[in-house]
Number of protein chains: 4
Amino acid sequence: MNTFGQLYRLTSFGESHGKGIGGIIDGCPSGVELDMNFIQHELNRRKPGQSKLVTPRKEADEVEFLSGVFEGKTTGTPIAFIIWNSDQHSSDYDNLREIFRPSHADYTYFSKYGVRDHRGGGRSSARETIARCVAGAIAKLILKQLGVSITAYTSQVGPISLPLGYQHYNLALAEENAVRCPDPETAESMAAFIREMKSEGDTTGGVITCVAQGVPAGWGEPVFDKLQAQLANAMLGINAVKGFEYGGGFDMTKCRGSQINDEFCIKDGKVSTKSNNSGGIQGGISNGEDIYFRVAFKPVATLLRNQSTVNIHNEETLFKARGRHDACVLPRAVPIVEAMTAIVLLDNYLMYRARKRPLD
Amino acid sequence: MNTFGQLYRLTSFGESHGKGIGGIIDGCPSGVELDMNFIQHELNRRKPGQSKLVTPRKEADEVEFLSGVFEGKTTGTPIAFIIWNSDQHSSDYDNLREIFRPSHADYTYFSKYGVRDHRGGGRSSARETIARCVAGAIAKLILKQLGVSITAYTSQVGPISLPLGYQHYNLALAEENAVRCPDPETAESMAAFIREMKSEGDTTGGVITCVAQGVPAGWGEPVFDKLQAQLANAMLGINAVKGFEYGGGFDMTKCRGSQINDEFCIKDGKVSTKSNNSGGIQGGISNGEDIYFRVAFKPVATLLRNQSTVNIHNEETLFKARGRHDACVLPRAVPIVEAMTAIVLLDNYLMYRARKRPLD
Amino acid sequence: MNTFGQLYRLTSFGESHGKGIGGIIDGCPSGVELDMNFIQHELNRRKPGQSKLVTPRKEADEVEFLSGVFEGKTTGTPIAFIIWNSDQHSSDYDNLREIFRPSHADYTYFSKYGVRDHRGGGRSSARETIARCVAGAIAKLILKQLGVSITAYTSQVGPISLPLGYQHYNLALAEENAVRCPDPETAESMAAFIREMKSEGDTTGGVITCVAQGVPAGWGEPVFDKLQAQLANAMLGINAVKGFEYGGGFDMTKCRGSQINDEFCIKDGKVSTKSNNSGGIQGGISNGEDIYFRVAFKPVATLLRNQSTVNIHNEETLFKARGRHDACVLPRAVPIVEAMTAIVLLDNYLMYRARKRPLD
Amino acid sequence: MNTFGQLYRLTSFGESHGKGIGGIIDGCPSGVELDMNFIQHELNRRKPGQSKLVTPRKEADEVEFLSGVFEGKTTGTPIAFIIWNSDQHSSDYDNLREIFRPSHADYTYFSKYGVRDHRGGGRSSARETIARCVAGAIAKLILKQLGVSITAYTSQVGPISLPLGYQHYNLALAEENAVRCPDPETAESMAAFIREMKSEGDTTGGVITCVAQGVPAGWGEPVFDKLQAQLANAMLGINAVKGFEYGGGFDMTKCRGSQINDEFCIKDGKVSTKSNNSGGIQGGISNGEDIYFRVAFKPVATLLRNQSTVNIHNEETLFKARGRHDACVLPRAVPIVEAMTAIVLLDNYLMYRARKRPLD
């Protein structure tokens with residue numbers, strides 16, 4: 001379905017080449033000052049055409065709020081918004097009317113719904129994630145008041161990856177290059193690789209690492225809504241994501257318990273852990289340490305090369321994409337990962353707050 | 001929260017050393033013949049004491065149904081059940097009354113709820129997953145009628161892993177050894193490694209691979225309830241899980257699009273794919289190919305060794321576990337992974353069915 | 001919250017004097033031909049200014065669809081829509097900036113959200129119900145294919161009421177007069193009474209009766225989502241509604257069981273009931289007979305007369321409304337009652353369908 | 001479905017003549033001292049056999065808690081409980097194996113589920129409401145700490161009704177007679193009428209009035225989850241309920257706005273209303289005044305008389321009930337109405353609390 005969250009809920013709508021992309025945010029606390037510059041800035045971070053590394057599709061991607069805001073503040077009622085599509089170029093997709101593109105959602109949407117909305121992927125386009133960035137930006141504004149910050153960055157592109165954990169980089173540097181990698185040299189190698197892929201009509205994938213700092217102990221709703229389960233759900237709901245791991249992740253499976261257990265200690269008078277292989281979550285509930293996780297993105301499915309495929313008449317055929325496409329989604333996916341994280345965390349804060357003791 | 005699923009819903013209850021573990025299954029179609037032998041067999045697969053590799057805690061783990069069944073068939077009303085705890089040994093845990101065990105949920109549960117239920121982890125114990133096995137067993141019975149089968153197996157224990165994909169093994173062999181690995185030789189190495197860890201008071205983790213076959217195209221509910229997002233959510237909600245990847249997973253991030261795209265072809269008159277790096281899901285909806293994924297389990301946190309930790313009075317102290325524990329949860333987690341997969345798939349079948357065309 | 005329904009879900013947004021009113025319909029089956037004339041016709045039935053009996057506020061109330069429709073048919077993805085506000089006259093409400101109007105939601109919204117959106121009631125305005133009419137119209141289009149029809153009419157205005165049950169009138173006549181009462185003479189008395197109230201700056205309430213025909217046996221989800229419980233929920237969620245009764249309703253409480261039980265019989269080879277005091281629902285599930293119920297609307301709270309009240313500074317003061325208002329909402333509420341009924345019934349059809357036997 | 005509530009959620013299970021009735025309460029705040037005497041007392045109020053007016057079925061109706069409680073207090077984890085059935089007399093129902101009883105749920109359950117669980121109504125029996133009384137009792141314990149009290153009473157039995165509103169009676173007297181009517185004389189008339197019905201093998205209905213006092217302004221979640229909509233939903237979900245009205249209710253429909261508007265005033269320094277026809281709720285949100293409503297119950301459907309009906313073979317036949325039945329459910333329904341009210345109010349308190357300002 002198209003609603004995400006329990007108490008802070010986003011319902012999204014829109015297709016890549018329809019009138020626009022938008023959504024309704026329900027459950028946002030009232031009295032929150034909406035910093036429009038910040039919200040627009042978040043949208044700009046995922047916007048096409050922002051650098052030479054990403055698709056040149058031209059979209060202003062300006063958000064228009066339709067409700068829920070009065071005199072610059074949230075009213076507690078539903079916040080509806082839309083980002084109108086402008087540079088639609090639907091004709092780019094005329095050759096898709098009867099084709100199922102390999103590793104896209106064309107065939108499965110057709111199987112499920114019996115409709116072939118061939119215009120740029122329709123609902124399955126990653127353009128839909130723009131709605132998540134709006135809801136995420138507002139969530140970030142509230143989390144900031146609570147002392148919580150969220151930072152994601154590109155930690156791997158194709159075969160090129162950062163060798164160290166997030167603690168070893170100045171994450172603020174990530175926004176200073178087009179790849180959004182906090183190590184400038186590695187960023188340049190990644191950019192070169194993306195350019196190479198592009199020139200070959202090929203594409204690449206990678207990994208985004210995300211860190212949430214300042215989350216106090218107590219957020220998360222076991223047993224099924226463990227904080228990591230919600231984050232995994234949020235991440236795997238993003239287009240092209242193939243994997244999620246938090247804390248020590250898959251690497252930890254090869255270790256012994258004695259190597260990776262996080263011993264407790266007292267730091268500055270409060271309970272802390274000596275290491276943080278748990279990734280800030282134990283038993284599905286935050287423990288006050290940094291929450292961090294990694295998200296795997298597959299290479300973009302759209303190739304400017306011939307591929308075998310089939311059409312809606314069950315016939316085999318060849319297909320070669322044309323038009324404007326990303327050769328690597330990582331740079332633009334960084335704000336999306338942050339946005340979904342922000343929505344999950346704010347939602348869990350509200351859930352935690354509902355039953356926080358003492359009752360009053 | 002403690003409810004999982006939309007139309008086929010499990011609500012679970014119970015603690016490790018309380019009266020028992022149980023749940024309510026709501027939304028199960030009526031008229032399903034409950035094969036009690038099969039259901040009990042599924043429980044036996046996760047039972048403690050089933051082999052020398054796992055904890056010797058003695059539990060019959062026999063399920064008692066309390067409602068929703070009449071003359072051997074489901075009635076369409078809630079199916080409640082309980083597995084009574086017998087071999088509780090609560091006194092094993094008396095030394096835990098004031099201690100937070102490292103890398104357990106003790107501290108976070110205390111932070112959130114203000115209660116220290118020290119008896120074996122209370123609600124955070126993996127014993128809770130027994131409820132999922134009951135709901136999963138019933139889901140499997142229904143899926144079987146629909147031609148869907150689910151098989152999980154241990155593909156890695158600590159540093160020892162199977163080198164090939166699931167297609168290369170006779171998965172039926174997994175149930176023939178205590179580790180649940182389909183390659184007998186590798187299984188023996190894994191078992192030896194687990195025994196070694198146990199003898200050293202240490203523990204290990206690993207990876208479980210799961211395959212669902214026979215799922216037709218069309219299951220899954222984008223954009224937020226993509227089938228892989230629901231599976232990731234289900235898996236990360238299992239104790240000790242640190243990661244999830246499906247299809248090509250993290251490895252795919254290093255490839256080029258041209259290497260991993262799944263070209264469509266016509267096989268036996270129907271649309272198929274030449275490769276299956278997509279893992280049977282595209283755009284969040286099943287495409288008719290095998291669905292497969294991998295789940296990372298961290299080493300068991302309970303060590304029979306001294307570890308630094310803190311107590312509820314904010315004091316640093318030492319802790320050494322005693323009692324009966326698994327040195328590796330993988331063998332017993334295999335049926336849990338299958339169970340959660342079955343619940344997700346049945347739920348998506350029902351959701352798909354609600355709107356399947358033509359309406360009538 | 002602002003979402004209604006389980007499988008056919010409306011999330012609504014918008015304020016009386018904001019940019020517009022709209023919503024997102026999630027879960028609508030694909031391939032439904034959207035008859036735009038019909039949908040607009042449904043909106044016109046609740047539109048202000050449609051007769052001399054209702055508020056002269058001038059609104060085109062034309063719906064613009066933003067997503068989910070392709071080549072005239074639903075695609076199975078979210079259907080977003082907006083009705084832009086035009087004739088806003090916000091200045092009519094400037095005198096309300098600091099006032100809480102008696103029997104309105106001004107004070108409670110301020111208490112809850114800490115915001116005073118004084119422009120015509122903001123979110124609490126009945127103008128929000130226009131979104132329900134859109135979702136209801138589409139639901140009606142689908143229900144019609146299934147042989148289900150829904151008809152509501154004004155059965156009471158102030159002290160004037162129809163003496164007989166719905167079976168005794170030609171309900172089609174209801175749409176032929178401004179009051180929407182199927183008995184032309186009674187309609188005229190009602191209209192006269194409304195005009196009288198209006199001329200005195202006073203208002204009146206009344207009752208709407210609604211009948212759903214063609215619903216087969218089996219819809220409804222006990223124990224908590226009994227069909228009547230969902231209908232009651234839907235009706236009490238409409239502005240100004242104070243009561244709901246179905247079948248024999250409150251009158252039945254005075255009878256003996258032997259007077260009101262619905263004996264079963266066989267009619268045309270199928271199970272039927274001799275009487276229908278049950279109102280077409282037994283045990284929360286439709287039984288194949290007509291579903292009918294009555295909805296009580298209080299008199300409009302806005303009086304063109306002086307009333308005592310208080311302001312946001314906790315001071316007592318006098319208030320007299322100005323501007324354009326209905327003296328009786330019943331005529332315009334008829335399509336809203338139908339719309340909510342349609343949403344409930346379609347949702348229950350889909351829920352029923354999900355588990356309908358045999359599974360396949 | 002069988003789950004009620006958003007943040008304080010009851011999932012119930014069980015059949016009239018199965019092993020027992022029970023449920024799981026999820027989302028209960030931790031640290032609540034469970035006063036077992038109070039909880040059992042609430043169950044005793046709805047118990048069969050408590051007076052000569054009600055069914056003599058003998059049930060201890062003692063609640064056994066299965067989880068979620070540790071050292072007498074709630075732990076914040078799911079509270080499961082069961083009330084075992086003892087006096088089942090299933091053979092009383094053998095004659096029902098193939099019969100659909102008039103105005104019962106037999107036919108609709110059979111239509112929907114294809115199963116005939118003939119033992120005393122199975123899941124559709126009002127015995128299921130015992131689970132609601134447990135969840136309601138715990139909700140009451142918490143609400144009491146918040147200064148909220150809930151009192152229901154029998155205000156009408158068949159043709160005999162209390163002439164005045166709740167303010168005019170000492171509601172504490174309701175518990176002093178078997179009918180639960182606060183006016184002793186009227187209570188005696190009602191009791192006599194019930195005895196008369198019983199002696200004739202007939203039954204009667206009536207009305208229960210409920211009052212919640214101490215609810216502060218701000219509870220309720222418009223637009224769809226208006227407080228009155230949730231209460232209506234809760235009440236219509238109780239067996240035999242045919243109608244709901246709050247505040248001025250249906251009577252108000254005959255009045256003029258100028259007669260029933262609730263003018264605001266300042267009392268003891270805070271905003272109050274001069275009258276309370278709104279019933280304590282405006283715009284779906286509590287306004288700090290008493291919340292009150294009326295619930296209509298139809299006469300019991302089980303008659304000890306011959307009635308025409310049909311069987312599962314589509315044949316007409318005669319049916320006469322035997323066994324032990326209530327001639328009037330009102331006395332035993334009083335605690336059920338209170339319980340559902342308590343669940344709704346606690347749920348709304350938690351929802352309110354989640355977003356209460358200022359955030360911290």
# chains A, B, ... in the order shown; residues from 1 in each chain; ligands from 1
call {"tool": "residues_around", "arguments": {"residues": "region 233-247 of chain D", "least_positions_apart": "5", "cutoff": "7 Å", "atoms": "only C-alpha atoms", "output": "VMD selection string"}}
result
(chain C and resid 223 to 226 228 to 230 232 to 233 242 to 246 249 to 250) or (chain D and resid 126 277 to 279 292 to 298 337 340)
call {"tool": "select_by_dssp", "arguments": {"residues": "region 35-235 of chain C", "states": "alpha helix (DSSP H)", "output": "ChimeraX atom specification"}}
result
/C:36-46,106-113,129-145,184-199,227-235
call {"tool": "residues_around", "arguments": {"residues": "Val300 (chain D)", "least_positions_apart": "6", "cutoff": "7 Å", "atoms": "only C-alpha atoms", "output": "number ranges by chain"}}
result
C: 257; D: 203-205, 327-329
call {"tool": "write_last_selection", "arguments": {"atoms": "N, CA and C atoms", "output": "mmCIF file, in the first residue's frame"}}
result
data_model
loop_
_atom_site.group_PDB
_atom_site.id
_atom_site.type_symbol
_atom_site.label_atom_id
_atom_site.label_comp_id
_atom_site.auth_asym_id
_atom_site.auth_seq_id
_atom_site.Cartn_x
_atom_site.Cartn_y
_atom_site.Cartn_z
ATOM 1 N N GLY C 257 -39.279 -9.813 21.892
ATOM 2 C CA GLY C 257 -38.580 -10.622 20.902
ATOM 3 C C GLY C 257 -39.536 -11.255 19.912
ATOM 4 N N THR D 203 -38.899 -12.271 25.327
ATOM 5 C CA THR D 203 -37.725 -11.486 25.707
ATOM 6 C C THR D 203 -37.988 -10.006 25.489
ATOM 7 N N THR D 204 -37.059 -9.179 25.980
ATOM 8 C CA THR D 204 -37.218 -7.734 25.801
ATOM 9 C C THR D 204 -35.879 -7.063 25.602
ATOM 10 N N GLY D 205 -35.930 -5.822 25.112
ATOM 11 C CA GLY D 205 -34.722 -5.030 24.894
ATOM 12 C C GLY D 205 -34.683 -3.838 25.830
ATOM 13 N N ALA D 327 -33.601 -13.345 29.359
ATOM 14 C CA ALA D 327 -34.789 -12.748 28.753
ATOM 15 C C ALA D 327 -34.520 -11.279 28.435
ATOM 16 N N CYS D 328 -33.450 -10.753 28.987
ATOM 17 C CA CYS D 328 -33.101 -9.348 28.762
ATOM 18 C C CYS D 328 -31.609 -9.202 29.044
ATOM 19 N N VAL D 329 -30.858 -8.699 28.089
ATOM 20 C CA VAL D 329 -29.399 -8.626 28.296
ATOM 21 C C VAL D 329 -28.950 -7.361 29.005
#
call {"tool": "select_by_dssp", "arguments": {"residues": "region 74-250 of chain D", "states": "strand (DSSP E or B)", "output": "PyMOL selection string"}}
result
chain D and resi 74+79-84+99-100+149-157+160-161+204+206-213+221+225+241-246
call {"tool": "interface_residues", "arguments": {"of": "chain D", "to": "chain B", "cutoff": "9 Å", "atoms": "only C-alpha atoms", "output": "NGL selection string"}}
result
:D and (1-3 or 7 or 11-15 or 18-24 or 26-27 or 29-31 or 65-68 or 70 or 73-80 or 112-117 or 123)
call {"tool": "atom_distance", "arguments": {"atom1": "CA of Tyr93 (chain A)", "atom2": "CA of Lys198 (chain A)"}}
result
19.8 Å
call {"tool": "residues_around", "arguments": {"residues": "Phe100 (chain B)", "least_positions_apart": "5", "cutoff": "9 Å", "atoms": "only C-alpha atoms", "output": "compact mmCIF listing (two decimals) with N, CA, C and O atoms, in the first residue's frame"}}
result
# COMPACT_ATOMS: atom_id res chain seq x y z
N PHE A 264 29.03 -3.32 28.49
CA PHE A 264 28.52 -2.06 29.04
C PHE A 264 29.58 -1.43 29.95
O PHE A 264 30.41 -2.12 30.55
N ALA B 105 18.90 -7.58 25.42
CA ALA B 105 17.90 -6.51 25.45
C ALA B 105 17.59 -6.05 26.88
O ALA B 105 16.68 -5.25 27.09
N ASP B 106 18.36 -6.52 27.85
CA ASP B 106 18.04 -6.21 29.25
C ASP B 106 17.98 -4.70 29.50
O ASP B 106 17.03 -4.19 30.12
N TYR B 107 19.03 -4.02 29.04
CA TYR B 107 19.12 -2.59 29.33
C TYR B 107 18.05 -1.79 28.59
O TYR B 107 17.43 -0.88 29.13
N PHE B 110 14.63 -2.29 30.05
CA PHE B 110 14.54 -1.56 31.32
C PHE B 110 14.39 -0.06 31.06
O PHE B 110 13.60 0.63 31.72
N HIS B 118 13.87 -10.38 34.78
CA HIS B 118 15.20 -10.95 34.62
C HIS B 118 15.18 -12.43 34.23
O HIS B 118 16.22 -13.02 33.98
N THR B 309 30.23 -5.43 32.56
CA THR B 309 28.90 -4.89 32.29
C THR B 309 28.50 -3.95 33.42
O THR B 309 29.34 -3.58 34.27
N VAL B 310 27.24 -3.53 33.45
CA VAL B 310 26.75 -2.64 34.51
C VAL B 310 25.46 -3.23 35.08
O VAL B 310 24.86 -4.14 34.50
N ASN B 311 25.06 -2.70 36.23
CA ASN B 311 23.82 -3.16 36.83
C ASN B 311 22.78 -2.02 36.91
O ASN B 311 23.05 -0.91 36.45
N ILE B 312 21.63 -2.35 37.45
CA ILE B 312 20.54 -1.36 37.46
C ILE B 312 20.82 -0.18 38.38
O ILE B 312 20.07 0.80 38.40
N PHE B 319 30.15 -10.10 34.70
CA PHE B 319 29.06 -11.04 34.54
C PHE B 319 29.53 -12.27 33.76
O PHE B 319 30.23 -12.16 32.76
call {"tool": "residues_around", "arguments": {"residues": "Ile160 (chain C)", "least_positions_apart": "3", "cutoff": "9 Å", "atoms": "only C-alpha atoms", "output": "list of chain:residue names"}}
result
C:Ser155, C:Gln156, C:Val157, C:Thr186, C:Ser189, C:Met190, C:Phe193, C:Gly206, D:Lys254
call {"tool": "write_last_selection", "arguments": {"atoms": "C-alpha atoms", "output": "compact mmCIF listing (two decimals), in the first residue's frame"}}
result
# COMPACT_ATOMS: atom_id res chain seq x y z
CA SER C 155 -36.83 11.47 6.10
CA GLN C 156 -37.19 14.19 8.71
CA VAL C 157 -36.58 17.95 8.96
CA THR C 186 -43.76 16.38 2.72
CA SER C 189 -43.52 21.28 4.05
CA MET C 190 -39.91 20.63 4.89
CA PHE C 193 -39.87 25.00 7.42
CA GLY C 206 -33.31 16.16 10.86
CA LYS D 254 -36.45 18.18 16.11
call {"tool": "closest_residue", "arguments": {"among": "B:Thr154, B:Gln307, B:Asn170, B:Thr108", "to": "Pro331 (chain B)", "atoms": "only C-alpha atoms"}}
result
B:Thr154
call {"tool": "residues_around", "arguments": {"residues": "region 260-263 of chain C", "least_positions_apart": "3", "cutoff": "6 Å", "atoms": "only C-alpha atoms", "output": "list in words"}}
result
Gly257, Thr273, Lys274, Ser275 and Asn276 of chain C; Pro102, Ser103, Ser308 and Thr309 of chain D
call {"tool": "residues_around", "arguments": {"residues": "region 283-291 of chain D", "least_positions_apart": "3", "cutoff": "7 Å", "atoms": "only C-alpha atoms", "output": "MDAnalysis selection string"}}
result
(chainID C and resid 104:105 108 124) or (chainID D and resid 211:213 215:222 226:228 279:280)
call {"tool": "decode", "arguments": {"residues": "region 331-342 of chain A", "atoms": "N, CA and C atoms", "output": "tab-separated table (two decimals), in the first residue's frame"}}
result
chain	number	residue	atom	x	y	z
A	331	PRO	N	24.22	8.90	-5.57
A	331	PRO	CA	24.27	10.29	-5.10
A	331	PRO	C	22.89	10.85	-4.79
A	332	ARG	N	21.92	10.54	-5.65
A	332	ARG	CA	20.58	11.07	-5.43
A	332	ARG	C	19.80	10.26	-4.40
A	333	ALA	N	20.27	9.07	-4.09
A	333	ALA	CA	19.54	8.24	-3.12
A	333	ALA	C	19.92	8.59	-1.68
A	334	VAL	N	21.04	9.28	-1.50
A	334	VAL	CA	21.45	9.64	-0.14
A	334	VAL	C	20.35	10.39	0.62
A	335	PRO	N	19.76	11.45	0.04
A	335	PRO	CA	18.69	12.13	0.78
A	335	PRO	C	17.44	11.27	0.98
A	336	ILE	N	17.23	10.31	0.11
A	336	ILE	CA	16.05	9.44	0.27
A	336	ILE	C	16.24	8.51	1.48
A	337	VAL	N	17.46	7.96	1.60
A	337	VAL	CA	17.76	7.12	2.76
A	337	VAL	C	17.59	7.93	4.05
A	338	GLU	N	18.10	9.14	4.03
A	338	GLU	CA	17.95	9.98	5.22
A	338	GLU	C	16.47	10.26	5.52
A	339	ALA	N	15.72	10.54	4.47
A	339	ALA	CA	14.31	10.88	4.65
A	339	ALA	C	13.54	9.72	5.28
A	340	MET	N	13.74	8.52	4.76
A	340	MET	CA	13.01	7.37	5.30
A	340	MET	C	13.45	7.11	6.75
A	341	THR	N	14.73	7.31	7.02
A	341	THR	CA	15.20	7.14	8.39
A	341	THR	C	14.52	8.14	9.33
A	342	ALA	N	14.42	9.37	8.85
A	342	ALA	CA	13.79	10.40	9.68
A	342	ALA	C	12.33	10.08	9.97
